[in-house]
Amino acid sequence: MGFSELFRDGILQSVPYSPGKPIEEVQRELGLSHISKLASNENPEGPIPEAVEAIAQAAREINRYPDGGAYDLTHALAKQLGVAPERVMLGNGSNEIVDMLIRALISPGERVVYAHPSFVVYHLTAGIHFECGRPIPLLADDRHDLPAMAEAVDASTKLVFVCNPNNPTGSYNDAEDFRAFMAQIPANVIVAVDEAYVEYVVAEDYPDTLAMLDQYPNLVIIRTFSKIHSLAGVRVGYMVGHAELVAELHKTREPFNVSSVAQAAAMACLENWHVVAGRRARNRAELERMAVALAELDFQVTPSQTNFLLVRHRRPAAELCDALLREGVIVRPMHPFGLGDGAIRISIGLPEENDHALRALKKILK
């Protein structure tokens, strides 16, 4: 018997998520000792010492199940955000929040609207869940086409994802555009704004979505501790929304979905929130330096509000990425995501990692 006949078409047609190459794999394959990984939008500064200590402390009791409701973390996070604890739900990374929303809200024949290219998990999850995705192309400047997304919302639509700032482009939609978009969305359609990179944003006209929650009960905000807080390896994401919606979504949450070490690390980050401003400033300085240097190397650089840059070159991305890999620099080609043959996403690293990437590119492009 062929096992494929047991699976839905959406699963058979899907492909597993493909992350950026691990450092160890590149070292093993190419025999290189010095690797700069600029492929996965990680924070190169690493977790704060308080988070590392909290993980070590929590690890002493990993024979016990974690607090399934994450009471302390939920309440501390609610206080930080200025919302009621009943409006907060934690996830095993923000990916789990995306999955829960689609699983809980979508029945066969119903649709999820999202931009394309955008965070690939929307498309992958929608594909395996009744093939419910309805992708809407980005504008020419790599931003969400919010009017087209609003127009795509019909009677079959239950959920819309807006990735702002957008991954993998780094672009954003401003407050005026977002308010106009929300005004067009029916109250029975959930709008989930994925703000994974919000702590990196410096644009003054970026939407204050937390301030919109009372006006729009159908608005959901998704954030994560993976990026500026450097907790990608322990998986802590969260959602803020209407208390009634959150209560229903809790029914779909896996038991003990956020580990005790993850909860402890996130608590340490909340207790040391003052470090965020410095991390944002250091990232911004390096991002702007890299943007100028890459433009001088004849790359087209998309303005970014994140910790990465989308760049395009006349030479094929696959060729450039392979050449960079052989120089010990891992970046992410974006042509498989539909951003053009010369598109590459470069995460912002430490100054010495960024210098490594620039030296390698100068050597390759000379």
# chains A, B, ... in the order shown; residues from 1 in each chain; ligands from 1
$ select_by_dssp --residues "region 62-234 of chain A" --states "strand (DSSP E or B)" --output "MDAnalysis selection string"
chainID A and resid 88:91 111:116 133:137 157:163 190:194 219:224
$ closest_atom_pairs --of "region 29-129 of chain A" --to "region 253-277 of chain A" --cutoff "6 Å" --atoms "only C-alpha atoms" --output "CSV"
residue,atom,partner,partner_atom,distance
A:Glu50,CA,A:Ala268,CA,5.9
A:Ala51,CA,A:Ala265,CA,4.5
A:Ala54,CA,A:Ala264,CA,5.5
A:Ile55,CA,A:Val261,CA,5.0
A:Ala58,CA,A:Val261,CA,5.3
A:Pro66,CA,A:Ser260,CA,4.7
A:Gly68,CA,A:Phe256,CA,4.5
A:Leu73,CA,A:Met267,CA,5.9
A:Asn92,CA,A:Val258,CA,5.3
$ atom_distance --atom1 "CA of Leu219 (chain A)" --atom2 "CA of Ile128 (chain A)"
24.4 Å
$ residues_around --residues "region 330-335 of chain A" --least-positions-apart "3" --cutoff "6 Å" --atoms "only C-alpha atoms" --output "number ranges by chain"
A: 37-39, 317, 325, 338-341, 343-346
$ residues_around --residues "Pro108 (chain A)" --least-positions-apart "4" --cutoff "12 Å" --atoms "only C-alpha atoms" --output "mmCIF file with all heavy atoms, in the first residue's frame"
data_model
loop_
_atom_site.group_PDB
_atom_site.id
_atom_site.type_symbol
_atom_site.label_atom_id
_atom_site.label_comp_id
_atom_site.auth_asym_id
_atom_site.auth_seq_id
_atom_site.Cartn_x
_atom_site.Cartn_y
_atom_site.Cartn_z
ATOM 1 N N GLY A 10 -3.574 18.674 0.033
ATOM 2 C CA GLY A 10 -2.796 19.821 0.489
ATOM 3 C C GLY A 10 -1.490 19.422 1.143
ATOM 4 O O GLY A 10 -0.479 20.125 1.022
ATOM 5 N N ILE A 102 -5.397 29.351 12.216
ATOM 6 C CA ILE A 102 -5.927 28.695 11.012
ATOM 7 C C ILE A 102 -6.722 27.451 11.379
ATOM 8 O O ILE A 102 -7.841 27.226 10.882
ATOM 9 C CB ILE A 102 -4.778 28.366 10.042
ATOM 10 C CG1 ILE A 102 -4.181 29.665 9.479
ATOM 11 C CG2 ILE A 102 -5.273 27.468 8.901
ATOM 12 C CD1 ILE A 102 -2.988 29.468 8.570
ATOM 13 N N ARG A 103 -6.200 26.632 12.278
ATOM 14 C CA ARG A 103 -6.907 25.404 12.667
ATOM 15 C C ARG A 103 -8.240 25.696 13.345
ATOM 16 O O ARG A 103 -9.234 25.003 13.145
ATOM 17 C CB ARG A 103 -6.041 24.568 13.603
ATOM 18 C CG ARG A 103 -4.940 23.803 12.920
ATOM 19 C CD ARG A 103 -4.297 22.768 13.837
ATOM 20 N NE ARG A 103 -3.569 23.374 14.941
ATOM 21 C CZ ARG A 103 -3.925 23.266 16.203
ATOM 22 N NH1 ARG A 103 -5.023 22.594 16.550
ATOM 23 N NH2 ARG A 103 -3.198 23.830 17.166
ATOM 24 N N ALA A 104 -8.265 26.743 14.172
ATOM 25 C CA ALA A 104 -9.471 27.039 14.943
ATOM 26 C C ALA A 104 -10.551 27.715 14.113
ATOM 27 O O ALA A 104 -11.745 27.495 14.347
ATOM 28 C CB ALA A 104 -9.106 27.932 16.129
ATOM 29 N N VAL A 112 -8.158 32.048 3.837
ATOM 30 C CA VAL A 112 -7.229 32.910 4.562
ATOM 31 C C VAL A 112 -6.538 33.798 3.525
ATOM 32 O O VAL A 112 -5.981 33.294 2.543
ATOM 33 C CB VAL A 112 -6.158 32.103 5.313
ATOM 34 C CG1 VAL A 112 -5.193 33.037 6.027
ATOM 35 C CG2 VAL A 112 -6.800 31.142 6.290
ATOM 36 N N ALA A 126 -1.634 27.193 5.540
ATOM 37 C CA ALA A 126 -2.894 27.240 4.792
ATOM 38 C C ALA A 126 -2.970 26.104 3.777
ATOM 39 O O ALA A 126 -4.041 25.532 3.531
ATOM 40 C CB ALA A 126 -3.029 28.586 4.087
ATOM 41 N N GLY A 127 -1.819 25.749 3.187
ATOM 42 C CA GLY A 127 -1.797 24.685 2.189
ATOM 43 C C GLY A 127 -2.170 23.335 2.754
ATOM 44 O O GLY A 127 -2.909 22.565 2.127
ATOM 45 N N ILE A 128 -1.676 23.022 3.956
ATOM 46 C CA ILE A 128 -1.983 21.702 4.523
ATOM 47 C C ILE A 128 -3.336 21.687 5.235
ATOM 48 O O ILE A 128 -3.822 20.625 5.605
ATOM 49 C CB ILE A 128 -0.874 21.238 5.493
ATOM 50 C CG1 ILE A 128 -0.765 22.144 6.711
ATOM 51 C CG2 ILE A 128 0.462 21.154 4.771
ATOM 52 C CD1 ILE A 128 0.236 21.662 7.742
ATOM 53 N N HIS A 129 -3.935 22.867 5.411
ATOM 54 C CA HIS A 129 -5.232 22.942 6.085
ATOM 55 C C HIS A 129 -6.303 23.315 5.058
ATOM 56 O O HIS A 129 -6.665 24.478 4.898
ATOM 57 C CB HIS A 129 -5.192 23.962 7.217
ATOM 58 C CG HIS A 129 -6.337 23.854 8.169
ATOM 59 N ND1 HIS A 129 -6.385 22.932 9.186
ATOM 60 C CD2 HIS A 129 -7.503 24.537 8.234
ATOM 61 C CE1 HIS A 129 -7.509 23.055 9.844
ATOM 62 N NE2 HIS A 129 -8.216 24.011 9.288
ATOM 63 N N PHE A 130 -6.766 22.327 4.311
ATOM 64 C CA PHE A 130 -7.860 22.484 3.336
ATOM 65 C C PHE A 130 -7.484 23.400 2.174
ATOM 66 O O PHE A 130 -8.368 23.954 1.511
ATOM 67 C CB PHE A 130 -9.145 22.997 4.003
ATOM 68 C CG PHE A 130 -9.582 22.180 5.186
ATOM 69 C CD1 PHE A 130 -9.772 22.775 6.422
ATOM 70 C CD2 PHE A 130 -9.793 20.809 5.076
ATOM 71 C CE1 PHE A 130 -10.169 22.028 7.519
ATOM 72 C CE2 PHE A 130 -10.187 20.059 6.160
ATOM 73 C CZ PHE A 130 -10.378 20.662 7.389
ATOM 74 N N GLU A 131 -6.181 23.589 1.930
ATOM 75 C CA GLU A 131 -5.729 24.448 0.813
ATOM 76 C C GLU A 131 -6.492 25.772 0.819
ATOM 77 O O GLU A 131 -7.038 26.213 -0.195
ATOM 78 C CB GLU A 131 -5.918 23.747 -0.541
ATOM 79 C CG GLU A 131 -5.219 22.409 -0.665
ATOM 80 C CD GLU A 131 -6.097 21.247 -0.232
ATOM 81 O OE1 GLU A 131 -7.159 21.050 -0.826
ATOM 82 O OE2 GLU A 131 -5.729 20.541 0.721
ATOM 83 N N CYS A 132 -6.487 26.424 1.985
ATOM 84 C CA CYS A 132 -7.381 27.568 2.195
ATOM 85 C C CYS A 132 -6.748 28.917 1.907
ATOM 86 O O CYS A 132 -7.372 29.964 2.093
ATOM 87 C CB CYS A 132 -7.890 27.560 3.641
ATOM 88 S SG CYS A 132 -6.586 27.759 4.883
ATOM 89 N N GLY A 133 -5.504 28.957 1.445
ATOM 90 C CA GLY A 133 -4.812 30.220 1.266
ATOM 91 C C GLY A 133 -5.239 30.998 0.033
ATOM 92 O O GLY A 133 -5.544 30.417 -1.011
ATOM 93 N N SER A 156 -16.358 34.041 2.028
ATOM 94 C CA SER A 156 -15.674 32.816 2.454
ATOM 95 C C SER A 156 -14.454 33.100 3.325
ATOM 96 O O SER A 156 -13.853 32.174 3.869
ATOM 97 C CB SER A 156 -15.225 32.008 1.227
ATOM 98 O OG SER A 156 -14.189 32.680 0.539
ATOM 99 N N THR A 157 -14.089 34.366 3.473
ATOM 100 C CA THR A 157 -12.872 34.724 4.204
ATOM 101 C C THR A 157 -13.133 34.803 5.705
ATOM 102 O O THR A 157 -14.062 35.484 6.144
ATOM 103 C CB THR A 157 -12.326 36.087 3.715
ATOM 104 O OG1 THR A 157 -12.170 36.057 2.294
ATOM 105 C CG2 THR A 157 -10.974 36.372 4.362
ATOM 106 N N LYS A 158 -12.294 34.108 6.480
ATOM 107 C CA LYS A 158 -12.410 34.155 7.937
ATOM 108 C C LYS A 158 -11.226 34.841 8.607
ATOM 109 O O LYS A 158 -11.329 35.289 9.751
ATOM 110 C CB LYS A 158 -12.511 32.722 8.495
ATOM 111 C CG LYS A 158 -13.781 31.971 8.106
ATOM 112 C CD LYS A 158 -14.976 32.445 8.904
ATOM 113 C CE LYS A 158 -14.942 31.986 10.348
ATOM 114 N NZ LYS A 158 -15.079 30.523 10.510
#
$ atom_distance --atom1 "CA of Glu195 (chain A)" --atom2 "CA of Ile228 (chain A)"
11.8 Å
$ closest_residue --among "A:Tyr172, A:Tyr197, A:Tyr71, A:Phe337" --to "Val121 (chain A)" --atoms "only C-alpha atoms"
A:Phe337
$ closest_residue --among "A:Val329, A:Ala211, A:Ala293, A:Ala285" --to "Val83 (chain A)" --atoms "only C-alpha atoms"
A:Ala211
$ decode --residues "region 140-171 of chain A" --atoms "C-alpha atoms" --output "CSV table (one decimal), in the first residue's frame"
chain,number,residue,atom,x,y,z
A,140,ALA,CA,6.2,47.1,-6.7
A,141,ASP,CA,7.9,48.7,-3.6
A,142,ASP,CA,7.7,45.3,-1.7
A,143,ARG,CA,4.9,46.5,0.7
A,144,HIS,CA,1.6,44.8,1.3
A,145,ASP,CA,-1.1,45.9,-1.2
A,146,LEU,CA,-3.7,46.5,1.5
A,147,PRO,CA,-6.4,47.8,-0.8
A,148,ALA,CA,-6.1,44.6,-2.9
A,149,MET,CA,-6.1,42.4,0.2
A,150,ALA,CA,-9.3,44.2,1.5
A,151,GLU,CA,-10.9,43.6,-1.9
A,152,ALA,CA,-10.0,39.9,-1.8
A,153,VAL,CA,-12.0,39.5,1.4
A,154,ASP,CA,-15.3,37.9,0.6
A,155,ALA,CA,-18.0,35.8,2.3
A,156,SER,CA,-15.7,32.8,2.5
A,157,THR,CA,-12.9,34.7,4.2
A,158,LYS,CA,-12.4,34.2,7.9
A,159,LEU,CA,-8.9,35.3,8.5
A,160,VAL,CA,-6.3,37.8,7.1
A,161,PHE,CA,-2.6,37.9,8.0
A,162,VAL,CA,-0.7,41.2,7.7
A,163,CYS,CA,3.1,40.8,8.3
A,164,ASN,CA,4.2,44.3,9.3
A,165,PRO,CA,7.1,44.8,8.9
A,166,ASN,CA,7.1,42.2,6.2
A,167,ASN,CA,9.4,39.2,6.1
A,168,PRO,CA,11.2,38.7,3.8
A,169,THR,CA,11.2,42.2,2.4
A,170,GLY,CA,11.7,44.4,5.5
A,171,SER,CA,9.1,46.9,4.2
